[in-house]
file coords-v3.csv (CSV, C-alpha atoms and all ligand atoms)
chain,number,residue,atom,x,y,z
A,223,MET,CA,-65.9,-28.5,-22.4
A,224,VAL,CA,-66.9,-25.8,-19.9
A,225,GLY,CA,-67.0,-26.9,-16.2
A,226,PHE,CA,-69.8,-25.3,-14.2
A,227,GLY,CA,-70.5,-24.7,-10.6
A,228,ILE,CA,-74.0,-23.7,-9.4
A,229,PHE,CA,-75.0,-21.7,-6.3
A,230,GLY,CA,-78.6,-22.5,-5.2
A,231,CYS,CA,-80.2,-25.9,-5.8
A,232,GLY,CA,-83.9,-24.8,-5.6
A,233,ARG,CA,-86.6,-24.5,-8.3
A,234,ILE,CA,-84.7,-22.6,-11.0
A,235,GLY,CA,-81.3,-24.0,-10.0
A,236,ARG,CA,-82.5,-27.5,-10.8
A,237,VAL,CA,-83.7,-26.4,-14.3
A,238,HIS,CA,-80.3,-24.9,-15.1
A,239,ALA,CA,-78.4,-27.8,-13.5
A,240,SER,CA,-80.3,-30.3,-15.6
A,241,ASN,CA,-79.6,-28.4,-18.8
A,242,ILE,CA,-75.9,-28.2,-18.0
A,243,ALA,CA,-75.8,-31.9,-17.2
A,244,ALA,CA,-77.4,-32.6,-20.6
A,245,HIS,CA,-75.3,-30.1,-22.7
A,246,PRO,CA,-72.7,-31.6,-25.0
A,247,ARG,CA,-70.2,-28.7,-24.3
A,248,ALA,CA,-70.8,-28.5,-20.6
A,249,LYS,CA,-70.0,-30.4,-17.4
A,250,LEU,CA,-71.8,-29.9,-14.1
A,251,VAL,CA,-68.8,-30.0,-11.7
A,252,ALA,CA,-70.0,-28.8,-8.3
A,253,CYS,CA,-73.1,-27.4,-6.5
A,254,TYR,CA,-73.6,-25.5,-3.3
A,255,ASP,CA,-76.6,-24.6,-1.3
A,256,THR,CA,-76.9,-23.4,2.3
A,257,VAL,CA,-79.5,-26.1,2.8
A,258,ASP,CA,-77.4,-29.3,2.8
A,259,THR,CA,-80.3,-31.5,1.6
A,260,ALA,CA,-80.9,-29.4,-1.5
A,261,SER,CA,-77.3,-29.7,-2.8
A,262,ALA,CA,-77.2,-33.4,-1.7
A,263,SER,CA,-80.2,-34.2,-3.8
A,264,MET,CA,-78.9,-32.4,-6.8
A,265,ALA,CA,-75.5,-34.2,-6.4
A,266,ALA,CA,-77.3,-37.5,-6.2
A,267,GLU,CA,-79.6,-36.8,-9.2
A,268,LEU,CA,-77.2,-35.1,-11.6
A,269,GLY,CA,-73.7,-36.1,-10.4
A,270,PRO,CA,-71.9,-32.8,-9.4
A,271,ARG,CA,-69.6,-32.7,-6.3
A,272,GLN,CA,-71.4,-31.3,-3.3
A,273,ALA,CA,-69.3,-28.2,-2.4
A,274,ARG,CA,-68.8,-27.4,1.3
A,275,SER,CA,-68.8,-23.7,0.9
A,276,VAL,CA,-68.9,-20.8,-1.6
A,277,GLU,CA,-65.0,-20.7,-1.6
A,278,ASP,CA,-64.8,-24.4,-1.9
A,279,LEU,CA,-66.8,-24.2,-5.2
A,280,LEU,CA,-65.0,-21.1,-6.5
A,281,GLN,CA,-61.5,-22.5,-5.9
A,282,ASP,CA,-62.3,-25.7,-7.7
A,283,PRO,CA,-60.0,-25.6,-10.8
A,284,GLU,CA,-62.5,-27.6,-12.8
A,285,VAL,CA,-65.2,-24.9,-12.3
A,286,HIS,CA,-64.6,-22.5,-15.2
A,287,ALA,CA,-67.9,-20.6,-14.8
A,288,VAL,CA,-70.8,-20.3,-12.3
A,289,PHE,CA,-74.5,-20.1,-12.2
A,290,VAL,CA,-76.1,-17.9,-9.4
A,291,THR,CA,-79.6,-19.3,-8.9
A,292,SER,CA,-79.8,-18.8,-5.2
A,293,ILE,CA,-82.3,-16.4,-3.5
A,294,THR,CA,-82.2,-12.8,-4.8
A,295,ALA,CA,-80.6,-11.4,-1.6
A,296,THR,CA,-77.4,-13.4,-2.3
A,297,HIS,CA,-76.9,-12.4,-6.0
A,298,ILE,CA,-74.7,-9.4,-5.6
A,299,ASP,CA,-72.3,-11.1,-3.1
A,300,LEU,CA,-72.0,-14.2,-5.2
A,301,ILE,CA,-71.5,-12.2,-8.5
A,302,SER,CA,-68.7,-10.2,-6.8
A,303,ARG,CA,-66.9,-13.2,-5.3
A,304,ALA,CA,-67.2,-15.2,-8.6
A,305,VAL,CA,-65.8,-12.3,-10.7
A,306,ARG,CA,-63.0,-11.8,-8.2
A,307,ALA,CA,-62.2,-15.5,-8.6
A,308,GLY,CA,-62.0,-15.0,-12.3
A,309,LYS,CA,-65.2,-16.9,-13.3
A,310,PRO,CA,-67.8,-15.8,-15.8
A,311,VAL,CA,-71.2,-15.6,-14.1
A,312,PHE,CA,-74.7,-16.4,-15.2
A,313,CYS,CA,-77.1,-14.8,-12.6
A,314,GLU,CA,-80.8,-15.1,-12.3
A,315,LYS,CA,-83.0,-12.1,-12.2
A,316,PRO,CA,-83.4,-9.7,-10.5
A,317,VAL,CA,-79.7,-8.8,-10.0
A,318,ASP,CA,-80.7,-7.3,-6.7
A,319,LEU,CA,-83.6,-5.2,-5.2
A,320,ASP,CA,-81.5,-2.1,-4.4
A,321,ILE,CA,-80.0,-0.1,-7.3
A,322,ALA,CA,-77.4,1.4,-4.9
A,323,ARG,CA,-76.1,-2.1,-4.2
A,324,VAL,CA,-76.1,-2.9,-7.9
A,325,ASP,CA,-74.1,0.2,-8.7
A,326,ALA,CA,-71.6,-0.4,-5.9
A,327,CYS,CA,-71.1,-4.0,-7.2
A,328,TRP,CA,-70.4,-2.8,-10.7
A,329,ALA,CA,-68.1,-0.1,-9.4
A,330,GLU,CA,-66.1,-2.8,-7.7
A,331,ILE,CA,-66.0,-5.4,-10.5
A,332,GLY,CA,-66.7,-3.5,-13.7
A,333,ALA,CA,-63.2,-2.3,-14.5
A,334,THR,CA,-62.3,-5.6,-16.2
A,335,ASN,CA,-65.6,-5.8,-18.0
A,336,PRO,CA,-66.3,-9.3,-16.7
A,337,LEU,CA,-68.8,-11.7,-18.4
A,338,VAL,CA,-71.9,-11.4,-16.3
A,339,MET,CA,-75.1,-12.7,-18.0
A,340,LEU,CA,-78.5,-12.0,-16.6
A,341,GLY,CA,-81.3,-14.7,-16.7
A,342,PHE,CA,-83.8,-12.8,-18.9
A,343,ASN,CA,-84.9,-16.1,-20.4
A,344,ARG,CA,-87.7,-14.5,-22.4
A,345,ARG,CA,-85.2,-13.0,-24.8
A,346,PHE,CA,-84.3,-16.6,-25.7
A,347,ASP,CA,-87.9,-17.9,-26.3
A,348,PRO,CA,-87.9,-18.9,-30.0
A,349,SER,CA,-91.2,-17.1,-30.8
A,350,PHE,CA,-90.3,-13.9,-29.0
A,351,ARG,CA,-86.8,-13.9,-30.5
A,352,THR,CA,-88.1,-14.4,-34.0
A,353,LEU,CA,-90.7,-11.7,-33.4
A,354,ARG,CA,-87.9,-9.3,-32.4
A,355,ASP,CA,-85.8,-10.3,-35.3
A,356,ARG,CA,-88.7,-9.6,-37.7
A,357,VAL,CA,-89.4,-6.2,-36.0
A,358,SER,CA,-85.7,-5.3,-36.4
A,359,ALA,CA,-85.7,-6.4,-40.1
A,360,GLY,CA,-88.4,-3.8,-40.6
A,361,GLU,CA,-91.3,-6.1,-41.4
A,362,ILE,CA,-93.9,-3.9,-39.7
A,363,GLY,CA,-92.2,-0.5,-40.2
A,364,GLY,CA,-91.4,1.7,-37.2
A,365,VAL,CA,-92.6,0.3,-33.9
A,366,GLU,CA,-95.5,2.4,-32.5
A,367,GLN,CA,-97.1,0.2,-29.8
A,368,VAL,CA,-96.0,-2.8,-27.8
A,369,VAL,CA,-98.4,-4.8,-25.7
A,370,ILE,CA,-96.9,-7.3,-23.2
A,371,THR,CA,-99.3,-9.7,-21.3
A,372,SER,CA,-97.8,-11.6,-18.5
A,373,ARG,CA,-100.1,-13.4,-16.0
A,374,ASP,CA,-99.1,-16.2,-13.6
A,375,PRO,CA,-101.4,-19.1,-13.1
A,376,SER,CA,-101.7,-18.7,-9.3
A,377,PRO,CA,-100.3,-16.3,-6.7
A,378,PRO,CA,-97.2,-17.2,-4.6
A,379,PRO,CA,-97.5,-17.6,-0.8
A,380,ALA,CA,-97.6,-14.2,1.0
A,381,GLN,CA,-94.2,-15.1,2.7
A,382,TYR,CA,-92.6,-15.4,-0.7
A,383,VAL,CA,-94.0,-12.0,-1.6
A,384,ALA,CA,-92.5,-10.4,1.5
A,385,ALA,CA,-89.0,-11.3,0.5
A,386,SER,CA,-89.4,-11.0,-3.3
A,387,GLY,CA,-89.1,-7.2,-3.5
A,388,GLY,CA,-92.7,-6.9,-4.7
A,389,LEU,CA,-94.5,-7.6,-8.0
A,390,PHE,CA,-92.6,-4.9,-10.0
A,391,ARG,CA,-89.1,-6.0,-9.0
A,392,ASP,CA,-89.8,-9.7,-9.0
A,393,MET,CA,-92.3,-10.4,-11.8
A,394,THR,CA,-92.7,-7.3,-14.0
A,395,ILE,CA,-88.8,-7.2,-14.1
A,396,HIS,CA,-89.1,-9.7,-17.0
A,397,ASP,CA,-91.6,-7.5,-18.8
A,398,PHE,CA,-89.4,-4.4,-18.3
A,399,ASP,CA,-86.6,-6.3,-20.0
A,400,MET,CA,-88.9,-7.4,-22.9
A,401,ALA,CA,-90.1,-3.8,-23.2
A,402,ARG,CA,-86.5,-2.6,-23.7
A,403,TYR,CA,-85.7,-5.6,-26.0
A,404,LEU,CA,-88.6,-4.7,-28.3
A,405,ALA,CA,-89.0,-0.9,-28.0
A,406,GLY,CA,-85.5,0.3,-26.9
A,407,GLU,CA,-84.8,2.5,-23.9
A,408,ILE,CA,-87.7,3.6,-21.8
A,409,VAL,CA,-88.0,7.2,-20.8
A,410,GLU,CA,-91.3,7.5,-19.0
A,411,VAL,CA,-93.3,5.1,-16.8
A,412,GLN,CA,-96.8,5.3,-15.5
A,413,ALA,CA,-98.0,2.4,-13.3
A,414,MET,CA,-101.1,1.4,-11.4
A,415,GLY,CA,-101.2,-1.6,-9.0
A,416,ALA,CA,-104.0,-3.3,-7.2
A,417,ASN,CA,-104.6,-6.0,-4.6
A,418,LEU,CA,-107.4,-8.0,-6.3
A,419,ILE,CA,-106.6,-11.6,-5.7
A,420,ASP,CA,-105.1,-12.5,-2.2
A,421,PRO,CA,-105.7,-10.2,0.7
A,422,ALA,CA,-102.6,-11.7,2.4
A,423,ILE,CA,-100.5,-10.2,-0.4
A,424,GLY,CA,-102.0,-6.8,0.3
A,425,ALA,CA,-101.4,-7.3,4.0
A,426,ALA,CA,-97.7,-8.1,3.2
A,427,GLY,CA,-97.6,-4.7,1.5
A,428,ASP,CA,-97.6,-5.8,-2.1
A,429,ILE,CA,-99.9,-5.8,-5.1
A,430,ASP,CA,-101.1,-8.8,-7.2
A,431,ALA,CA,-102.3,-7.0,-10.4
A,432,ALA,CA,-100.8,-4.1,-12.4
A,433,MET,CA,-101.1,-2.2,-15.6
A,434,LEU,CA,-98.3,0.1,-16.9
A,435,ILE,CA,-98.0,2.5,-19.8
A,436,MET,CA,-94.5,3.5,-20.8
A,437,ARG,CA,-92.9,5.7,-23.4
A,438,ALA,CA,-89.7,4.7,-25.3
A,439,ALA,CA,-87.0,7.1,-26.4
A,440,SER,CA,-88.1,6.4,-30.0
A,441,GLY,CA,-91.6,7.7,-29.1
A,442,ALA,CA,-93.2,4.2,-29.1
A,443,LEU,CA,-95.7,3.4,-26.4
A,444,VAL,CA,-95.6,0.2,-24.3
A,445,HIS,CA,-98.3,-1.4,-22.3
A,446,ILE,CA,-97.6,-4.2,-19.7
A,447,ASN,CA,-100.4,-6.0,-17.9
A,448,ASN,CA,-99.7,-8.4,-15.0
A,449,SER,CA,-101.7,-10.6,-12.8
A,450,ARG,CA,-100.6,-13.1,-10.2
A,451,ARG,CA,-103.7,-15.3,-11.0
A,452,CYS,CA,-105.0,-16.5,-14.3
A,453,ALA,CA,-107.8,-19.0,-14.5
A,454,TYR,CA,-106.6,-20.4,-17.9
A,455,GLY,CA,-103.0,-20.9,-16.9
A,456,TYR,CA,-99.7,-19.0,-17.6
A,457,ASP,CA,-100.6,-16.2,-20.0
A,458,GLN,CA,-97.6,-15.0,-22.0
A,459,ARG,CA,-98.3,-13.0,-25.1
A,460,ILE,CA,-96.7,-10.2,-27.0
A,461,GLU,CA,-98.0,-7.9,-29.7
A,462,VAL,CA,-96.0,-5.3,-31.6
A,463,PHE,CA,-97.8,-2.8,-33.8
A,464,GLY,CA,-96.1,-0.7,-36.4
A,465,ALA,CA,-96.8,1.6,-39.4
A,466,ALA,CA,-97.0,-1.4,-41.8
A,467,GLY,CA,-98.7,-4.0,-39.7
A,468,MET,CA,-98.6,-6.1,-36.5
A,469,LEU,CA,-96.8,-9.1,-35.2
A,470,GLN,CA,-98.3,-11.2,-32.4
A,471,ALA,CA,-96.8,-14.1,-30.4
A,472,HIS,CA,-99.5,-16.2,-28.8
A,473,ASN,CA,-99.7,-18.6,-25.9
A,474,ARG,CA,-98.4,-22.1,-26.3
A,475,HIS,CA,-100.8,-24.9,-25.7
A,476,LEU,CA,-100.3,-28.5,-24.6
A,477,THR,CA,-101.3,-29.6,-28.1
A,478,THR,CA,-102.3,-27.8,-31.3
A,479,ILE,CA,-105.7,-29.6,-31.5
A,480,GLU,CA,-108.8,-27.4,-31.7
A,481,ALA,CA,-112.2,-28.8,-30.8
A,482,TRP,CA,-115.4,-27.6,-32.4
A,483,GLY,CA,-118.9,-28.4,-31.1
A,484,SER,CA,-122.3,-27.1,-30.4
A,485,GLU,CA,-121.2,-25.3,-27.2
A,486,ARG,CA,-118.0,-23.7,-28.5
A,487,THR,CA,-115.6,-23.5,-31.4
A,488,HIS,CA,-111.8,-23.1,-31.6
A,489,ALA,CA,-111.5,-24.7,-28.1
A,490,MET,CA,-107.9,-25.7,-27.3
A,491,ASP,CA,-106.1,-27.7,-24.6
A,492,PRO,CA,-104.8,-25.6,-21.7
A,493,VAL,CA,-101.7,-23.4,-22.2
A,494,GLN,CA,-98.4,-24.7,-21.0
A,495,ASP,CA,-98.2,-24.6,-17.3
A,496,PHE,CA,-95.9,-21.9,-15.7
A,497,PHE,CA,-92.3,-21.0,-16.5
A,498,ILE,CA,-90.5,-24.3,-16.2
A,499,ALA,CA,-92.5,-25.9,-19.0
A,500,ARG,CA,-93.3,-22.7,-21.0
A,501,TYR,CA,-89.7,-21.5,-21.2
A,502,ALA,CA,-87.9,-24.9,-21.3
A,503,GLU,CA,-86.4,-24.1,-24.7
A,504,ALA,CA,-85.5,-20.6,-23.6
A,505,TYR,CA,-83.5,-21.9,-20.6
A,506,ARG,CA,-81.6,-24.3,-22.9
A,507,ALA,CA,-80.9,-21.6,-25.4
A,508,GLU,CA,-79.6,-19.2,-22.8
A,509,LEU,CA,-77.2,-21.8,-21.5
A,510,ASP,CA,-76.0,-22.4,-25.1
A,511,HIS,CA,-75.6,-18.6,-25.5
A,512,PHE,CA,-73.6,-18.3,-22.2
A,513,ILE,CA,-71.3,-21.1,-23.4
A,514,ASP,CA,-70.8,-19.3,-26.7
A,515,CYS,CA,-69.9,-16.1,-24.8
A,516,ILE,CA,-67.4,-17.9,-22.6
A,517,GLU,CA,-65.8,-19.6,-25.6
A,518,THR,CA,-65.7,-16.5,-27.9
A,519,GLY,CA,-65.5,-13.6,-25.5
A,520,ALA,CA,-68.7,-12.1,-27.0
A,521,ALA,CA,-70.9,-9.9,-24.9
A,522,PRO,CA,-74.1,-11.6,-23.7
A,523,LEU,CA,-77.5,-10.7,-25.1
A,524,ALA,CA,-78.6,-9.8,-21.6
A,525,GLY,CA,-75.9,-8.5,-19.3
A,526,PHE,CA,-75.4,-6.8,-15.9
A,527,ALA,CA,-76.4,-3.4,-17.3
A,528,ASP,CA,-79.7,-4.9,-18.6
A,529,GLY,CA,-80.4,-6.2,-15.1
A,530,ARG,CA,-79.7,-2.7,-13.7
A,531,GLU,CA,-82.0,-1.0,-16.3
A,532,ALA,CA,-84.9,-3.4,-15.6
A,533,LEU,CA,-84.5,-2.7,-11.9
A,534,ARG,CA,-84.5,1.1,-12.6
A,535,LEU,CA,-87.8,0.7,-14.4
A,536,ALA,CA,-89.2,-1.3,-11.5
A,537,ASP,CA,-88.2,1.5,-9.1
A,538,ALA,CA,-89.9,4.1,-11.4
A,539,ALA,CA,-93.0,1.9,-11.5
A,540,LEU,CA,-93.1,1.8,-7.7
A,541,GLU,CA,-92.7,5.5,-7.5
A,542,SER,CA,-95.5,6.1,-10.1
A,543,ALA,CA,-97.9,3.7,-8.4
A,544,ALA,CA,-97.3,5.4,-5.0
A,545,THR,CA,-97.6,9.0,-6.3
A,546,GLY,CA,-100.1,8.6,-9.0
A,547,ARG,CA,-97.8,10.5,-11.4
A,548,SER,CA,-95.8,9.4,-14.4
A,549,VAL,CA,-92.1,9.2,-13.8
A,550,ARG,CA,-89.6,10.4,-16.3
A,551,LEU,CA,-86.2,8.7,-16.5
A,552,ALA,CA,-83.0,10.6,-17.3
B,1,LIG,N1,-85.8,-16.6,-14.9
B,1,LIG,C1,-86.8,-17.2,-14.3
B,1,LIG,O1,-87.6,-17.7,-15.0
B,1,LIG,C2,-86.8,-17.5,-12.8
B,1,LIG,C3,-87.7,-18.4,-12.3
B,1,LIG,C4,-87.8,-18.6,-10.9
B,1,LIG,C5,-86.9,-17.9,-10.1
B,1,LIG,N2,-86.0,-17.0,-10.6
B,1,LIG,C6,-85.0,-16.3,-9.7
B,1,LIG,O2,-84.1,-17.3,-9.3
B,1,LIG,C7,-83.8,-17.1,-7.9
B,1,LIG,C8,-84.1,-18.4,-7.1
B,1,LIG,O3,-85.5,-18.6,-7.2
B,1,LIG,P1,-86.1,-20.1,-6.9
B,1,LIG,O4,-87.5,-20.0,-7.3
B,1,LIG,O5,-85.3,-21.1,-7.5
B,1,LIG,O6,-86.0,-20.1,-5.3
B,1,LIG,P2,-85.9,-21.4,-4.3
B,1,LIG,O7,-86.2,-20.8,-3.0
B,1,LIG,O8,-86.6,-22.5,-4.9
B,1,LIG,O9,-84.3,-21.7,-4.4
B,1,LIG,C9,-83.3,-20.9,-3.9
B,1,LIG,C10,-82.2,-21.8,-3.3
B,1,LIG,O10,-81.1,-20.9,-2.9
B,1,LIG,C11,-80.6,-21.5,-1.7
B,1,LIG,N3,-79.7,-20.5,-1.0
B,1,LIG,C12,-80.0,-19.5,-0.2
B,1,LIG,N4,-78.9,-18.8,0.2
B,1,LIG,C13,-77.9,-19.3,-0.5
B,1,LIG,C14,-76.5,-19.1,-0.5
B,1,LIG,N5,-76.0,-18.1,0.1
B,1,LIG,N6,-75.7,-19.9,-1.3
B,1,LIG,C15,-76.3,-20.9,-2.0
B,1,LIG,N7,-77.6,-21.2,-2.0
B,1,LIG,C16,-78.4,-20.4,-1.2
B,1,LIG,C17,-81.8,-21.9,-0.9
B,1,LIG,O11,-81.5,-22.7,0.2
B,1,LIG,C18,-82.7,-22.5,-2.0
B,1,LIG,O12,-82.4,-23.9,-2.1
B,1,LIG,C19,-84.5,-15.8,-7.5
B,1,LIG,O13,-83.7,-14.7,-7.6
B,1,LIG,C20,-85.7,-15.8,-8.5
B,1,LIG,O14,-86.1,-14.4,-8.7
B,1,LIG,C21,-85.9,-16.8,-12.0
call {"tool": "encode", "arguments": {"input": "coords-v3.csv", "output": "structure tokens"}}
result
Amino acid sequence: MVGFGIFGCGRIGRVHASNIAAHPRAKLVACYDTVDTASASMAAELGPRQARSVEDLLQDPEVHAVFVTSITATHIDLISRAVRAGKPVFCEKPVDLDIARVDACWAEIGATNPLVMLGFNRRFDPSFRTLRDRVSAGEIGGVEQVVITSRDPSPPPAQYVAASGGLFRDMTIHDFDMARYLAGEIVEVQAMGANLIDPAIGAAGDIDAAMLIMRAASGALVHINNSRRCAYGYDQRIEVFGAAGMLQAHNRHLTTIEAWGSERTHAMDPVQDFFIARYAEAYRAELDHFIDCIETGAAPLAGFADGREALRLADAALESAATGRSVRLA
């Protein structure tokens, strides 16, 4: 039984905490949030002890591993402190917004090769994972093109955007990771962004729509398309095209029922609403995988270095969008 502590009792923290509380090989021991009412309500709902401070949680002998699900600006500090306390860490994406801070963190903690897993939950989605396994097994031959569609149902408030690091580092970061997961290392990035949806997002200095073309070291081309607003819900699709065929993973709908009538055919229920519902299985599977890694010492499917690489691609996309040129990565 692995005892867990959790830093950050907000939206995604509650998803992971509920999964830990329900997992047969896990126990939710303690939670900490700088907002007292957030950790108090998690403690009341799911039963962990409400820790008084970061150190109080880390020094708890029943806490064997921690989840860092607090705001992005806190990730590096909490990863470092947890590793120094000898605890395996699961940290939500992005690892940080500044690659120099990411490198300084690893320079400090990396010598012992600590277990740090990154919350790239899409790798654990059953359809995307099966698609990747089938690509790896050679079903469609060599990969030539990957198309990743990722559109949120509605834009976040402009004040969220201001602290998020911008669309590439906050939202596309998942797609950069999927690009690497499906096509291998990326060596060239060309990005265009636009403010098409909410002028307040533009005023905050960010974009709310983007299209990217990237080249993998293998020669394969990858296209990512992002929007912060999508009239038909959370649009999450992947297509991989190869010499011998194509694999597509489609959206998931509330039911599998199709309606046919005089006005339209093939009409389906709405797609599953946003990440908490759409990726519920993936969040459970990544917890399961993290526990396996803790118990066996295996390296995680998505680790600290993957968090760093995704951030490097986000930085390249920012540079490309600002300069209008494609950016080659060493
Ligand atoms: N993988 C995913 O699907 C996914 C989805 C949503 C969010 N995220 C990431 O998870 C992180 C949290 O996002 P959210 O949407 O849950 O945010 P949120 O604002 O709902 O929750 C964050 C919580 O962290 C708390 N907090 C702030 N500083 C803290 C500290 N020093 N110690 C402990 N708690 C602290 C806040 O009080 C808040 O309760 C972000 O990095 C975000 O990018 C990942």
call {"tool": "residues_near_point", "arguments": {"input": "coords-v3.csv", "point": "(-99.3, -5.0, -16.4)", "cutoff": "6 Å", "atoms": "all atoms listed in the file", "output": "ChimeraX atom specification"}}
result
/A:432-434,446-448
call {"tool": "atom_distance", "arguments": {"input": "coords-v3.csv", "atom1": "atom CA of A:Pro270", "atom2": "atom CA of A:Cys253"}}
result
6.2 Å
call {"tool": "closest_residue", "arguments": {"input": "coords-v3.csv", "among": "A:Gly387, A:Pro421, A:Gly455, A:Gly235", "to": "ligand LIG 1 (chain B)", "atoms": "all atoms listed in the file"}}
result
A:Gly235
call {"tool": "residues_near_ligand", "arguments": {"input": "coords-v3.csv", "ligand": "ligand LIG 1 (chain B)", "cutoff": "10 Å", "atoms": "all atoms listed in the file", "output": "MDAnalysis selection string"}}
result
chainID A and resid 228:238 253:261 275:276 290:297 299:300 313:319 340:344 382 386:387 391:393 395:396 496:498 500:502 504:505
call {"tool": "closest_atom_pairs", "arguments": {"input": "coords-v3.csv", "of": "stretch 329-401 of chain A", "to": "stretch 472-491 of chain A", "cutoff": "12 Å", "atoms": "all atoms listed in the file", "output": "tab-separated table"}}
result
residue	atom	partner	partner_atom	distance
A:Asp347	CA	A:Arg474	CA	11.3
A:Pro348	CA	A:Arg474	CA	11.6
A:Ser349	CA	A:His472	CA	8.6
A:Phe350	CA	A:His472	CA	9.5
A:Leu353	CA	A:His472	CA	10.9
A:Val369	CA	A:His472	CA	11.9
A:Ile370	CA	A:His472	CA	10.8
A:Thr371	CA	A:His472	CA	9.9
A:Ser372	CA	A:Asn473	CA	10.4
A:Arg373	CA	A:Asn473	CA	11.2
call {"tool": "write_last_selection", "arguments": {"input": "coords-v3.csv", "atoms": "C-alpha atoms", "output": "PDB file, keeping the file's coordinate frame"}}
result
ATOM      1  CA  ASP A 347     -87.900 -17.900 -26.300  1.00  0.00           C
ATOM      2  CA  PRO A 348     -87.900 -18.900 -30.000  1.00  0.00           C
ATOM      3  CA  SER A 349     -91.200 -17.100 -30.800  1.00  0.00           C
ATOM      4  CA  PHE A 350     -90.300 -13.900 -29.000  1.00  0.00           C
ATOM      5  CA  LEU A 353     -90.700 -11.700 -33.400  1.00  0.00           C
ATOM      6  CA  VAL A 369     -98.400  -4.800 -25.700  1.00  0.00           C
ATOM      7  CA  ILE A 370     -96.900  -7.300 -23.200  1.00  0.00           C
ATOM      8  CA  THR A 371     -99.300  -9.700 -21.300  1.00  0.00           C
ATOM      9  CA  SER A 372     -97.800 -11.600 -18.500  1.00  0.00           C
ATOM     10  CA  ARG A 373    -100.100 -13.400 -16.000  1.00  0.00           C
TER      11      ARG A 373
END
call {"tool": "atom_distance", "arguments": {"input": "coords-v3.csv", "atom1": "atom CA of A:Gly525", "atom2": "atom CA of A:Arg351"}}
result
16.5 Å
call {"tool": "atom_distance", "arguments": {"input": "coords-v3.csv", "atom1": "atom CA of A:Arg450", "atom2": "atom CA of A:Asp430"}}
result
5.3 Å
call {"tool": "residues_near_point", "arguments": {"input": "coords-v3.csv", "point": "(-73.6, -25.1, -18.5)", "cutoff": "10 Å", "atoms": "all atoms listed in the file", "output": "ChimeraX atom specification"}}
result
/A:223-228,238-251,286-289,312,506,508-513
call {"tool": "closest_residue", "arguments": {"input": "coords-v3.csv", "among": "A:Ala453, A:Leu523, A:Ala466, A:Ala422", "to": "A:Leu337", "atoms": "all atoms listed in the file"}}
result
A:Leu523
call {"tool": "closest_residue", "arguments": {"input": "coords-v3.csv", "among": "A:His445, A:Arg530, A:Arg356, A:Arg550", "to": "A:Ile298", "atoms": "only C-alpha atoms"}}
result
A:Arg530
call {"tool": "residues_around", "arguments": {"input": "coords-v3.csv", "residues": "A:Glu366", "least_positions_apart": "2", "cutoff": "10 Å", "atoms": "only C-alpha atoms", "output": "list of chain:residue names"}}
result
A:Ile362, A:Gly363, A:Gly364, A:Val368, A:Ala405, A:Ala438, A:Ser440, A:Gly441, A:Ala442, A:Leu443, A:Val444, A:Val462, A:Phe463, A:Gly464, A:Ala465, A:Met468
call {"tool": "closest_residue", "arguments": {"input": "coords-v3.csv", "among": "A:Thr334, A:Leu389, A:Asp457, A:Ile435", "to": "A:Ala536", "atoms": "all atoms listed in the file"}}
result
A:Leu389
call {"tool": "build_atoms", "arguments": {"input": "coords-v3.csv", "residues": "stretch 377-387 of chain A", "atoms": "N, CA and C atoms", "output": "compact mmCIF listing (two decimals), in the coordinates of the input"}}
result
# COMPACT_ATOMS: atom_id res chain seq x y z
N PRO A 377 -101.16 -17.18 -7.45
CA PRO A 377 -100.30 -16.30 -6.70
C PRO A 377 -99.31 -17.11 -5.80
N PRO A 378 -98.12 -16.57 -5.55
CA PRO A 378 -97.20 -17.20 -4.60
C PRO A 378 -97.68 -17.02 -3.19
N PRO A 379 -97.15 -17.80 -2.24
CA PRO A 379 -97.50 -17.60 -0.80
C PRO A 379 -97.09 -16.18 -0.39
N ALA A 380 -97.85 -15.62 0.55
CA ALA A 380 -97.60 -14.20 1.00
C ALA A 380 -96.15 -14.13 1.57
N GLN A 381 -95.61 -15.21 2.18
CA GLN A 381 -94.20 -15.10 2.70
C GLN A 381 -93.19 -14.97 1.63
N TYR A 382 -93.48 -15.57 0.43
CA TYR A 382 -92.60 -15.40 -0.70
C TYR A 382 -92.60 -13.92 -1.14
N VAL A 383 -93.81 -13.38 -1.21
CA VAL A 383 -94.00 -12.00 -1.60
C VAL A 383 -93.19 -11.05 -0.76
N ALA A 384 -93.21 -11.31 0.54
CA ALA A 384 -92.50 -10.40 1.50
C ALA A 384 -91.05 -10.28 1.17
N ALA A 385 -90.40 -11.39 0.73
CA ALA A 385 -89.00 -11.30 0.50
C ALA A 385 -88.64 -11.07 -1.00
N SER A 386 -89.66 -11.00 -1.85
CA SER A 386 -89.40 -11.00 -3.30
C SER A 386 -89.06 -9.60 -3.83
N GLY A 387 -89.34 -8.56 -3.03
CA GLY A 387 -89.10 -7.20 -3.50
C GLY A 387 -90.39 -6.62 -4.16
